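Shown next: start-v2.cif, containing mmCIF, C-alpha atoms.
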```
data_work
#
loop_
_atom_site.group_PDB
_atom_site.id
_atom_site.type_symbol
_atom_site.label_atom_id
_atom_site.label_comp_id
_atom_site.auth_asym_id
_atom_site.auth_seq_id
_atom_site.Cartn_x
_atom_site.Cartn_y
_atom_site.Cartn_z
ATOM 1 C CA MET A 6 0.000 0.000 0.000
ATOM 2 C CA GLY A 7 1.428 3.371 -0.952
ATOM 3 C CA ILE A 8 1.620 6.363 1.316
ATOM 4 C CA GLN A 9 -1.285 8.068 -0.443
ATOM 5 C CA GLN A 10 -3.452 4.965 -0.048
ATOM 6 C CA MET A 11 -2.600 4.770 3.652
ATOM 7 C CA LEU A 12 -3.647 8.388 4.069
ATOM 8 C CA LEU A 13 -6.809 8.161 2.049
ATOM 9 C CA GLY A 14 -7.854 4.614 2.862
ATOM 10 C CA ALA A 15 -7.666 1.460 0.851
ATOM 11 C CA GLY A 16 -10.076 2.713 -1.755
ATOM 12 C CA GLY A 17 -8.426 6.096 -2.123
ATOM 13 C CA PHE A 18 -11.445 7.859 -0.632
ATOM 14 C CA GLN A 19 -10.781 10.947 1.448
ATOM 15 C CA PRO A 20 -12.847 10.937 4.649
ATOM 16 C CA THR A 21 -15.677 13.428 4.366
ATOM 17 C CA LEU A 22 -17.901 15.029 6.992
ATOM 18 C CA VAL A 23 -21.314 16.329 5.916
ATOM 19 C CA ILE A 24 -23.326 18.363 8.416
ATOM 20 C CA HIS A 25 -26.971 19.418 8.475
ATOM 21 C CA ASN A 26 -27.631 21.761 11.407
ATOM 22 C CA ALA A 27 -30.676 23.752 10.377
ATOM 23 C CA ALA A 28 -34.286 22.606 10.365
ATOM 24 C CA GLY A 29 -35.218 20.906 7.134
ATOM 25 C CA SER A 30 -35.117 17.652 5.252
ATOM 26 C CA GLY A 31 -33.449 16.115 2.276
ATOM 27 C CA THR A 32 -31.897 13.155 0.558
ATOM 28 C CA GLU A 33 -28.310 12.409 1.422
ATOM 29 C CA ILE A 34 -26.305 10.998 -1.488
ATOM 30 C CA ILE A 35 -23.348 8.962 -0.334
ATOM 31 C CA PRO A 36 -20.197 10.222 -2.046
ATOM 32 C CA ALA A 37 -18.680 8.043 -4.752
ATOM 33 C CA GLY A 38 -15.940 5.910 -3.305
ATOM 34 C CA ALA A 39 -17.233 5.868 0.264
ATOM 35 C CA SER A 40 -17.582 2.438 1.844
ATOM 36 C CA GLN A 41 -18.477 3.251 5.450
ATOM 37 C CA VAL A 42 -20.721 5.838 7.053
ATOM 38 C CA THR A 43 -21.062 6.873 10.673
ATOM 39 C CA MET A 44 -24.194 8.866 11.369
ATOM 40 C CA GLU A 45 -24.883 11.029 14.417
ATOM 41 C CA VAL A 46 -28.278 12.552 15.098
ATOM 42 C CA TRP A 47 -29.276 15.181 17.673
ATOM 43 C CA GLY A 48 -32.843 16.303 18.228
ATOM 44 C CA PRO A 49 -33.869 19.942 18.549
ATOM 45 C CA THR A 50 -34.360 21.662 21.882
ATOM 46 C CA ASN A 51 -37.369 23.412 23.305
ATOM 47 C CA PRO A 52 -37.937 26.775 25.006
ATOM 48 C CA GLY A 53 -37.427 27.192 28.699
ATOM 49 C CA GLY A 54 -40.442 27.556 30.931
ATOM 50 C CA LEU A 55 -42.084 30.888 31.655
ATOM 51 C CA GLY A 56 -41.012 32.846 34.679
ATOM 52 C CA PHE A 57 -43.557 34.350 37.042
ATOM 53 C CA GLY A 58 -44.019 37.556 38.980
ATOM 54 C CA SER A 59 -41.522 40.120 40.199
ATOM 55 C CA GLY A 60 -39.797 41.087 43.397
ATOM 56 C CA CYS A 61 -40.625 38.745 46.267
ATOM 57 C CA THR A 62 -42.985 36.655 44.178
ATOM 58 C CA ALA A 63 -40.617 36.196 41.237
ATOM 59 C CA GLN A 64 -40.036 32.577 40.290
ATOM 60 C CA GLY A 65 -38.013 31.194 37.431
ATOM 61 C CA GLY A 66 -39.238 28.856 34.767
ATOM 62 C CA GLY A 67 -37.668 25.448 34.396
ATOM 63 C CA GLY A 68 -34.947 24.656 31.895
ATOM 64 C CA SER A 69 -35.753 22.339 29.040
ATOM 65 C CA GLY A 70 -34.094 19.008 28.600
ATOM 66 C CA ALA A 71 -31.346 18.410 26.091
ATOM 67 C CA SER A 72 -32.184 16.324 23.072
ATOM 68 C CA GLY A 73 -31.502 12.660 22.578
ATOM 69 C CA TYR A 74 -28.442 11.497 20.642
ATOM 70 C CA SER A 75 -28.227 8.522 18.320
ATOM 71 C CA GLU A 76 -25.209 7.082 16.502
ATOM 72 C CA SER A 77 -24.976 4.334 13.872
ATOM 73 C CA PHE A 78 -22.376 2.758 11.639
ATOM 74 C CA TYR A 79 -23.107 1.093 8.300
ATOM 75 C CA VAL A 80 -21.207 -0.306 5.375
ATOM 76 C CA CYS A 81 -22.306 1.523 2.254
ATOM 77 C CA SER A 82 -21.592 2.137 -1.425
ATOM 78 C CA GLY A 83 -21.170 5.379 -3.255
ATOM 79 C CA LEU A 84 -24.346 6.984 -4.642
ATOM 80 C CA GLN A 85 -26.632 5.089 -2.289
ATOM 81 C CA THR A 86 -29.077 7.416 -0.576
ATOM 82 C CA LEU A 87 -30.487 8.131 2.875
ATOM 83 C CA SER A 88 -33.342 10.362 3.983
ATOM 84 C CA TRP A 89 -32.788 12.910 6.732
ATOM 85 C CA PHE A 90 -34.882 15.324 8.706
ATOM 86 C CA VAL A 91 -33.623 17.932 11.163
ATOM 87 C CA GLY A 92 -36.217 18.971 13.734
ATOM 88 C CA GLY A 93 -36.724 22.694 14.282
ATOM 89 C CA ALA A 94 -36.333 24.497 17.585
ATOM 90 C CA GLY A 95 -39.456 24.191 19.661
ATOM 91 C CA SER A 96 -41.254 22.208 16.966
ATOM 92 C CA GLY A 97 -41.535 18.997 18.904
ATOM 93 C CA ASN A 98 -40.416 17.136 15.791
ATOM 94 C CA PRO A 99 -37.496 14.750 16.247
ATOM 95 C CA SER A 100 -34.484 14.592 13.984
ATOM 96 C CA THR A 101 -34.335 11.386 11.970
ATOM 97 C CA VAL A 102 -32.273 9.470 9.452
ATOM 98 C CA SER A 103 -34.009 6.688 7.571
ATOM 99 C CA SER A 104 -33.496 4.361 4.649
ATOM 100 C CA GLY A 105 -33.120 5.476 1.086
ATOM 101 C CA THR A 106 -31.520 2.994 -1.238
ATOM 102 C CA LEU A 107 -29.283 2.101 1.706
ATOM 103 C CA SER A 108 -31.399 0.144 4.129
ATOM 104 C CA ILE A 109 -30.945 1.137 7.771
ATOM 105 C CA THR A 110 -32.847 1.107 11.019
ATOM 106 C CA THR A 111 -34.438 4.523 11.347
ATOM 107 C CA MET A 112 -32.545 6.698 13.795
ATOM 108 C CA THR A 113 -34.663 9.056 15.867
ATOM 109 C CA ALA A 114 -33.452 11.718 18.291
ATOM 110 C CA ASN A 115 -36.245 13.424 20.180
ATOM 111 C CA SER A 116 -36.283 16.893 21.668
ATOM 112 C CA GLY A 117 -36.111 17.324 25.404
ATOM 113 C CA VAL A 118 -39.257 18.173 27.316
ATOM 114 C CA ILE A 119 -40.032 21.864 27.679
ATOM 115 C CA GLY A 120 -39.320 23.360 31.082
ATOM 116 C CA GLY A 121 -42.266 23.871 33.394
ATOM 117 C CA ASN A 122 -43.790 27.294 33.917
ATOM 118 C CA ALA A 123 -43.333 28.991 37.268
ATOM 119 C CA VAL A 124 -46.320 29.806 39.448
ATOM 120 C CA LEU A 125 -46.807 31.766 42.649
ATOM 121 C CA GLY A 126 -44.532 30.266 45.269
ATOM 122 C CA SER A 127 -42.893 27.682 43.031
ATOM 123 C CA GLY A 128 -40.400 27.654 40.195
ATOM 124 C CA GLY A 129 -40.959 25.605 37.088
ATOM 125 C CA SER A 130 -39.608 22.089 36.989
ATOM 126 C CA GLY A 131 -36.784 21.107 34.691
ATOM 127 C CA GLY A 132 -37.756 19.129 31.629
ATOM 128 C CA PRO A 133 -36.414 15.593 31.153
ATOM 129 C CA GLY A 134 -34.039 14.999 28.293
ATOM 130 C CA GLY A 135 -35.185 13.629 24.970
ATOM 131 C CA THR A 136 -34.822 9.959 24.140
ATOM 132 C CA ALA A 137 -33.148 8.389 21.139
ATOM 133 C CA THR A 138 -33.766 5.157 19.278
ATOM 134 C CA GLY A 139 -32.501 3.252 16.281
ATOM 135 C CA GLY A 140 -28.797 3.829 16.661
ATOM 136 C CA ASN A 141 -26.762 0.642 16.324
ATOM 137 C CA LEU A 142 -23.864 2.125 18.317
ATOM 138 C CA VAL A 143 -25.331 4.599 20.788
ATOM 139 C CA ASN A 144 -28.721 5.869 21.903
ATOM 140 C CA THR A 145 -28.383 8.438 24.682
ATOM 141 C CA THR A 146 -31.120 10.260 26.539
ATOM 142 C CA GLY A 147 -30.375 13.959 26.892
ATOM 143 C CA ALA A 148 -29.598 15.642 30.189
ATOM 144 C CA SER A 149 -32.506 17.097 32.129
ATOM 145 C CA GLY A 150 -32.960 20.820 32.576
ATOM 146 C CA SER A 151 -32.764 22.232 36.062
ATOM 147 C CA SER A 152 -35.671 23.683 37.986
ATOM 148 C CA GLY A 153 -36.278 27.380 38.364
ATOM 149 C CA ASP A 154 -36.680 29.040 41.749
ATOM 150 C CA SER A 155 -36.823 32.480 43.306
ATOM 151 C CA SER A 156 -33.196 33.124 42.356
ATOM 152 C CA GLY A 157 -33.887 32.701 38.649
ATOM 153 C CA GLY A 158 -34.704 30.456 35.762
ATOM 154 C CA GLY A 159 -33.459 26.918 35.459
ATOM 155 C CA ALA A 160 -30.697 26.104 33.005
ATOM 156 C CA GLY A 161 -31.346 23.920 30.028
ATOM 157 C CA GLY A 162 -29.808 20.474 29.943
ATOM 158 C CA ASN A 163 -26.326 20.231 28.502
ATOM 159 C CA PRO A 164 -26.001 18.609 25.082
ATOM 160 C CA THR A 165 -24.518 15.201 24.452
ATOM 161 C CA PRO A 166 -21.164 15.557 22.678
ATOM 162 C CA GLY A 167 -20.647 13.678 19.469
ATOM 163 C CA VAL A 168 -17.724 11.793 17.956
ATOM 164 C CA ASN A 169 -17.202 13.440 14.585
ATOM 165 C CA ALA A 170 -19.189 16.599 15.316
ATOM 166 C CA SER A 171 -21.027 18.155 18.246
ATOM 167 C CA LEU A 172 -24.295 19.542 16.950
ATOM 168 C CA GLY A 173 -26.379 19.250 20.101
ATOM 169 C CA SER A 174 -27.564 22.399 21.823
ATOM 170 C CA ILE A 175 -28.301 23.265 25.399
ATOM 171 C CA GLY A 176 -31.983 23.101 26.260
ATOM 172 C CA GLY A 177 -33.846 26.368 26.601
ATOM 173 C CA ASN A 178 -33.248 28.322 29.802
ATOM 174 C CA GLY A 179 -36.234 29.270 31.908
ATOM 175 C CA GLY A 180 -37.308 32.893 32.307
ATOM 176 C CA ARG A 181 -36.145 34.628 35.501
ATOM 177 C CA ASN A 182 -39.497 36.283 36.244
ATOM 178 C CA GLY A 183 -42.612 37.665 34.591
ATOM 179 C CA ALA A 184 -40.490 39.777 32.246
ATOM 180 C CA GLN A 185 -39.037 36.494 30.885
ATOM 181 C CA GLY A 186 -35.482 37.801 30.989
ATOM 182 C CA GLY A 187 -32.967 35.072 30.357
ATOM 183 C CA ARG A 188 -35.472 32.796 28.680
ATOM 184 C CA THR A 189 -34.168 31.099 25.561
ATOM 185 C CA LEU A 190 -36.156 29.340 22.895
ATOM 186 C CA GLY A 191 -34.104 26.304 22.021
ATOM 187 C CA SER A 192 -32.240 25.378 18.848
ATOM 188 C CA ASP A 193 -32.576 23.238 15.769
ATOM 189 C CA GLY A 194 -31.264 19.691 15.847
ATOM 190 C CA GLY A 195 -28.388 18.394 13.795
ATOM 191 C CA ILE A 196 -27.138 15.448 11.780
ATOM 192 C CA ALA A 197 -23.573 14.518 10.872
ATOM 193 C CA PHE A 198 -22.622 11.959 8.209
ATOM 194 C CA PHE A 199 -19.000 10.904 8.322
ATOM 195 C CA TYR A 200 -17.878 8.914 5.287
ATOM 196 C CA LYS A 201 -14.768 6.763 4.919
ATOM 197 C CA MET B 6 -55.452 38.157 49.881
ATOM 198 C CA THR B 7 -52.325 40.162 49.192
ATOM 199 C CA GLN B 8 -52.323 43.214 46.958
ATOM 200 C CA PHE B 9 -49.153 44.406 45.290
ATOM 201 C CA GLN B 10 -48.210 47.520 43.374
ATOM 202 C CA HIS B 11 -44.923 48.601 41.789
ATOM 203 C CA TYR B 12 -43.610 51.998 42.870
ATOM 204 C CA LEU B 13 -41.194 54.074 40.785
ATOM 205 C CA SER B 14 -40.148 57.633 41.610
ATOM 206 C CA GLY B 15 -37.096 58.819 39.719
ATOM 207 C CA LYS B 16 -34.545 56.082 40.348
ATOM 208 C CA VAL B 17 -36.235 54.866 43.519
ATOM 209 C CA PHE B 18 -38.029 51.601 42.900
ATOM 210 C CA GLY B 19 -40.034 49.396 45.172
ATOM 211 C CA ILE B 20 -43.048 47.157 45.494
ATOM 212 C CA LYS B 21 -45.814 47.849 47.993
ATOM 213 C CA TYR B 22 -47.728 44.950 49.509
ATOM 214 C CA ILE B 23 -50.973 45.129 51.476
ATOM 215 C CA PHE B 24 -51.954 42.008 53.416
ATOM 216 C CA ASP B 25 -55.693 41.827 53.992
ATOM 217 C CA LEU B 26 -55.658 39.201 56.720
ATOM 218 C CA VAL B 27 -53.412 37.909 59.466
ATOM 219 C CA GLY B 28 -51.360 35.117 57.898
ATOM 220 C CA ASP B 29 -51.322 36.601 54.427
ATOM 221 C CA GLY B 30 -47.825 37.194 53.161
ATOM 222 C CA LEU B 31 -45.045 36.470 50.740
ATOM 223 C CA PRO B 32 -43.746 32.970 50.038
ATOM 224 C CA TYR B 33 -40.222 31.944 50.981
ATOM 225 C CA HIS B 34 -37.675 33.177 48.489
ATOM 226 C CA ILE B 35 -34.178 34.525 47.995
ATOM 227 C CA HIS B 36 -32.829 37.455 46.010
ATOM 228 C CA LYS B 37 -29.849 38.138 43.845
ATOM 229 C CA SER B 38 -28.289 41.576 44.114
ATOM 230 C CA ASP B 39 -30.516 43.090 41.447
ATOM 231 C CA THR B 40 -33.672 42.458 43.455
ATOM 232 C CA ALA B 41 -32.349 42.808 47.007
ATOM 233 C CA HIS B 42 -34.565 45.095 49.092
ATOM 234 C CA ASN B 43 -35.215 46.418 52.545
ATOM 235 C CA VAL B 44 -38.636 46.459 54.219
ATOM 236 C CA VAL B 45 -40.361 49.688 55.255
ATOM 237 C CA MET B 46 -43.213 48.920 57.636
ATOM 238 C CA MET B 47 -45.901 51.381 56.548
ATOM 239 C CA ARG B 48 -48.876 50.118 58.571
ATOM 240 C CA GLY B 49 -49.664 47.282 60.945
ATOM 241 C CA SER B 50 -47.051 44.600 61.654
ATOM 242 C CA VAL B 51 -45.387 41.627 60.003
ATOM 243 C CA LYS B 52 -42.798 39.007 60.795
ATOM 244 C CA VAL B 53 -39.898 38.277 58.466
ATOM 245 C CA VAL B 54 -39.138 34.588 58.820
ATOM 246 C CA PHE B 55 -35.676 33.230 58.019
ATOM 247 C CA ASP B 56 -34.538 29.627 58.276
ATOM 248 C CA HIS B 57 -33.081 30.099 61.763
ATOM 249 C CA HIS B 58 -34.603 33.273 63.157
ATOM 250 C CA THR B 59 -37.583 35.615 62.893
ATOM 251 C CA VAL B 60 -37.682 39.394 62.935
ATOM 252 C CA TYR B 61 -40.845 41.234 63.990
ATOM 253 C CA LEU B 62 -41.578 44.634 62.432
ATOM 254 C CA ARG B 63 -43.954 47.323 63.640
ATOM 255 C CA GLU B 64 -45.254 50.450 61.974
ATOM 256 C CA GLY B 65 -42.384 52.845 61.296
ATOM 257 C CA ASP B 66 -39.642 50.191 61.256
ATOM 258 C CA VAL B 67 -37.150 49.985 58.421
ATOM 259 C CA PHE B 68 -35.434 46.607 58.149
ATOM 260 C CA ASP B 69 -32.286 45.936 56.172
ATOM 261 C CA PHE B 70 -31.126 42.337 55.776
ATOM 262 C CA ASP B 71 -29.208 39.925 53.589
ATOM 263 C CA GLY B 72 -31.616 39.133 50.768
ATOM 264 C CA SER B 73 -29.625 36.079 49.745
ATOM 265 C CA LEU B 74 -30.957 34.342 52.880
ATOM 266 C CA ASN B 75 -34.150 32.393 52.401
ATOM 267 C CA HIS B 76 -37.010 34.418 53.854
ATOM 268 C CA GLY B 77 -40.755 34.868 53.861
ATOM 269 C CA ILE B 78 -43.042 37.586 55.213
ATOM 270 C CA ILE B 79 -46.254 36.990 57.169
ATOM 271 C CA ALA B 80 -48.778 39.610 58.324
ATOM 272 C CA MET B 81 -49.426 39.831 62.071
ATOM 273 C CA GLU B 82 -52.354 42.234 61.748
ATOM 274 C CA PRO B 83 -55.073 42.683 59.131
ATOM 275 C CA ASP B 84 -54.513 45.396 56.523
ATOM 276 C CA SER B 85 -50.766 45.526 57.179
ATOM 277 C CA CYS B 86 -48.750 47.335 54.536
ATOM 278 C CA ILE B 87 -45.051 47.174 53.637
ATOM 279 C CA LEU B 88 -42.961 48.900 50.994
ATOM 280 C CA ASN B 89 -39.944 46.945 49.792
ATOM 281 C CA LEU B 90 -37.393 49.392 48.412
ATOM 282 C CA PHE B 91 -34.904 47.857 45.982
ATOM 283 C CA LEU B 92 -31.332 48.621 46.999
ATOM 284 C CA ASN B 93 -30.082 48.851 43.437
ATOM 285 C CA GLY B 94 -33.026 50.540 41.802
ATOM 286 C CA GLN B 95 -35.407 49.086 39.284
ATOM 287 C CA PRO B 96 -33.996 45.973 37.614
ATOM 288 C CA GLU B 97 -33.535 46.771 33.939
ATOM 289 C CA GLU B 98 -35.651 43.851 32.800
ATOM 290 C CA TYR B 99 -38.602 45.009 34.936
ATOM 291 C CA LYS B 100 -39.139 47.698 32.318
ATOM 292 C CA LEU B 101 -40.354 44.815 30.137
ATOM 293 C CA LEU B 102 -42.925 43.545 32.603
ATOM 294 C CA PRO B 103 -46.449 43.451 31.206
ATOM 295 C CA GLU B 104 -49.000 45.783 32.792
ATOM 296 C CA SER B 105 -50.592 42.832 34.554
ATOM 297 C CA GLU B 106 -47.392 42.299 36.537
ATOM 298 C CA LEU B 107 -47.207 45.862 37.873
ATOM 299 C CA SER B 108 -50.145 45.574 40.242
ATOM 300 C CA GLY B 109 -52.608 42.934 41.268
ATOM 301 C CA GLU B 110 -53.496 40.546 44.027
ATOM 302 C CA PHE B 111 -52.898 36.950 44.998
ATOM 303 C CA THR B 112 -53.578 34.465 47.730
ATOM 304 C CA LEU B 113 -50.983 31.981 48.883
#
```
Could you take the file, read its structure, and then write that structure out as structure tokens?
Amino acid sequence: MGIQQMLLGAGGFQPTLVIHNAAGSGTEIIPAGASQVTMEVWGPTNPGGLGFGSGCTAQGGGGSGASGYSESFYVCSGLQTLSWFVGGAGSGNPSTVSSGTLSITTMTANSGVIGGNAVLGSGGSGGPGGTATGGNLVNTTGASGSSGDSSGGGAGGNPTPGVNASLGSIGGNGGRNGAQGGRTLGSDGGIAFFYK
Amino acid sequence: MTQFQHYLSGKVFGIKYIFDLVGDGLPYHIHKSDTAHNVVMMRGSVKVVFDHHTVYLREGDVFDFDGSLNHGIIAMEPDSCILNLFLNGQPEEYKLLPESELSGEFTL
């Protein structure tokens, strides 16, 4: 094997990372020459919960959970296809990768649960993390958001890091009070295809 | 029933609370520096309850304390009234509060 072949792989294919990190869908065409694909899928995140009141009655909304994370590895051939869908922030739609001409088990990464709204005397509860299914390597439930209280809104759950990319986002932070300062609305999911 | 009303005069900001009945009050809470306040006892009497001690206030008292300590306020007389003056003025984000948050009433 020559030096160039060692660098590029036995088939002479240069490893390629393709990222989709905005809400939408499409057909992924596997690059010519690729023989292996590792896929990582993160769901979107949701808004933090609503804060309540002001002054002595202020209570923070709960943070939303981080999304689920799914990872799969498949042997593939160039020009085979896969279908992908990236869930939008706050949409409730999971991110998915499913079969095209390459047959796979559908990977699904769900969004975390939205943080609870604060009420008089009680902050909003943190939302549980989203689940993930269909990955043949990893399916990880996202981290939960933290609860809000009188000191402020709860933080969103921290994202699950990936292997070839890290496209997960922190869950939405809860609002600090009735003015909703500090509240964030979540982010789109993401999908990474890594070809070798 | 507790009535509340925001108060803003120049840079002086506070929230006035009127407690209709004995036992009405404010739930336990803590403050960060932007919402730390004292308590001006306008009418009647209240107790400020901390985790390990209680302070009783009568009409005319002004009470300064560490707002980062968990505390609640409970009326000792009907129609008691306090004015909580914010030590650092009106929090910037309170300018975004909807009208419904500037005055109203609640029951614990």
Can you list every residue of chain B that has an atom at most 9 Å from chain A, with its nearest atom pair and the distance in Å to one decimal, using all atoms listed in the file, ordered by chain then number, as CSV?
```
residue,atom,partner,partner_atom,distance
B:Gly19,CA,A:Gly60,CA,8.5
B:Ile20,CA,A:Gly60,CA,7.2
B:Leu31,CA,A:Cys61,CA,6.7
B:Pro32,CA,A:Gly126,CA,5.5
B:Tyr33,CA,A:Gly126,CA,7.3
B:His34,CA,A:Ser155,CA,5.3
B:Ile35,CA,A:Ser155,CA,5.8
B:His36,CA,A:Ser156,CA,5.7
B:Lys37,CA,A:Ser156,CA,6.2
B:Thr40,CA,A:Gly60,CA,6.3
B:Ala41,CA,A:Gly60,CA,8.5
B:His42,CA,A:Gly60,CA,8.7
B:Ser73,CA,A:Ser156,CA,8.7
B:Gly77,CA,A:Cys61,CA,8.5
B:Asn89,CA,A:Gly60,CA,8.7
B:Phe91,CA,A:Gly60,CA,8.7
B:Glu98,CA,A:Gly186,CA,6.3
B:Tyr99,CA,A:Ala184,CA,6.2
B:Lys100,CA,A:Ala184,CA,8.0
B:Leu101,CA,A:Ala184,CA,5.5
B:Leu102,CA,A:Ala184,CA,4.5
B:Pro103,CA,A:Ala184,CA,7.1
B:Glu106,CA,A:Gly58,CA,6.3
B:Leu107,CA,A:Ser59,CA,8.4
B:Phe111,CA,A:Leu125,CA,8.3
B:Thr112,CA,A:Leu125,CA,8.9
B:Leu113,CA,A:Leu125,CA,7.5
```
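Among the candidates B:Asn75, B:Asn43, B:Gln95, B:Gln10, the residue lying nearest to Asp56 in chain B is B:Asn75 (atoms considered: all atoms listed in the file).
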- prompt: Where does the PyMOL selection byres ((chain A and resi 51) around 12) land in this file, that is, which residues does it pick, as a ChimeraX atom specification?
  reply: /A:48-50,52-54,67-72,92-99,115-121,131-135,149-150,161-162,174-179,188-194
task: Run the PyMOL selection byres ((chain A and resi 140) around 9) mentally over the shown coordinates, then write out the matched residues as JSON, numbers by chain, using the chain letters and numbers from the document.
output: {"A": [44, 45, 46, 74, 75, 76, 77, 78, 110, 111, 112, 113, 137, 138, 139, 141, 142, 143, 144]}
Quick check on the file I pasted: which residues fall under the PyMOL selection byres ((chain A and resi 27) around 7)? Write them as a tab-separated table (two decimals) with C-alpha atoms, keeping the file's coordinate frame.
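Contents of out-v8.tsv, as written:
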```tsv
chain	number	residue	atom	x	y	z
A	25	HIS	CA	-26.97	19.42	8.48
A	26	ASN	CA	-27.63	21.76	11.41
A	28	ALA	CA	-34.29	22.61	10.36
A	29	GLY	CA	-35.22	20.91	7.13
A	91	VAL	CA	-33.62	17.93	11.16
A	193	ASP	CA	-32.58	23.24	15.77
A	194	GLY	CA	-31.26	19.69	15.85
A	195	GLY	CA	-28.39	18.39	13.80
```
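Within 8 Å of the point (-35.6, 53.3, 54.3), and counting only C-alpha atoms, the protein, DNA and RNA residues are Asn43, Val44, Val45, Val67, Phe68 and Leu90 of chain B.
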Å distance separating CA of Ser151 in chain A from CA of Gly128 in chain A, one decimal place: 10.2 Å
- request: Write out as a PyMOL selection string each polymer residue whose atoms come within 7 Å of Arg63 in chain B, counting only C-alpha atoms; drop sequence neighbours fewer than 4 positions from it.
  value: chain B and resi 46+49-51
Create the file for the chosen residues now, containing C-alpha atoms and written as a compact mmCIF listing (two decimals), keeping the file's coordinate frame.
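For reference, selection37.txt as written:
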```txt
# COMPACT_ATOMS: atom_id res chain seq x y z
CA MET B 46 -43.21 48.92 57.64
CA GLY B 49 -49.66 47.28 60.94
CA SER B 50 -47.05 44.60 61.65
CA VAL B 51 -45.39 41.63 60.00
```
task: To one decimal in Å, tell me the separation between CA of Ile78 in chain B and CA of Val54 in chain B.
output: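 That distance, rounded to one decimal, is 6.1 Å.
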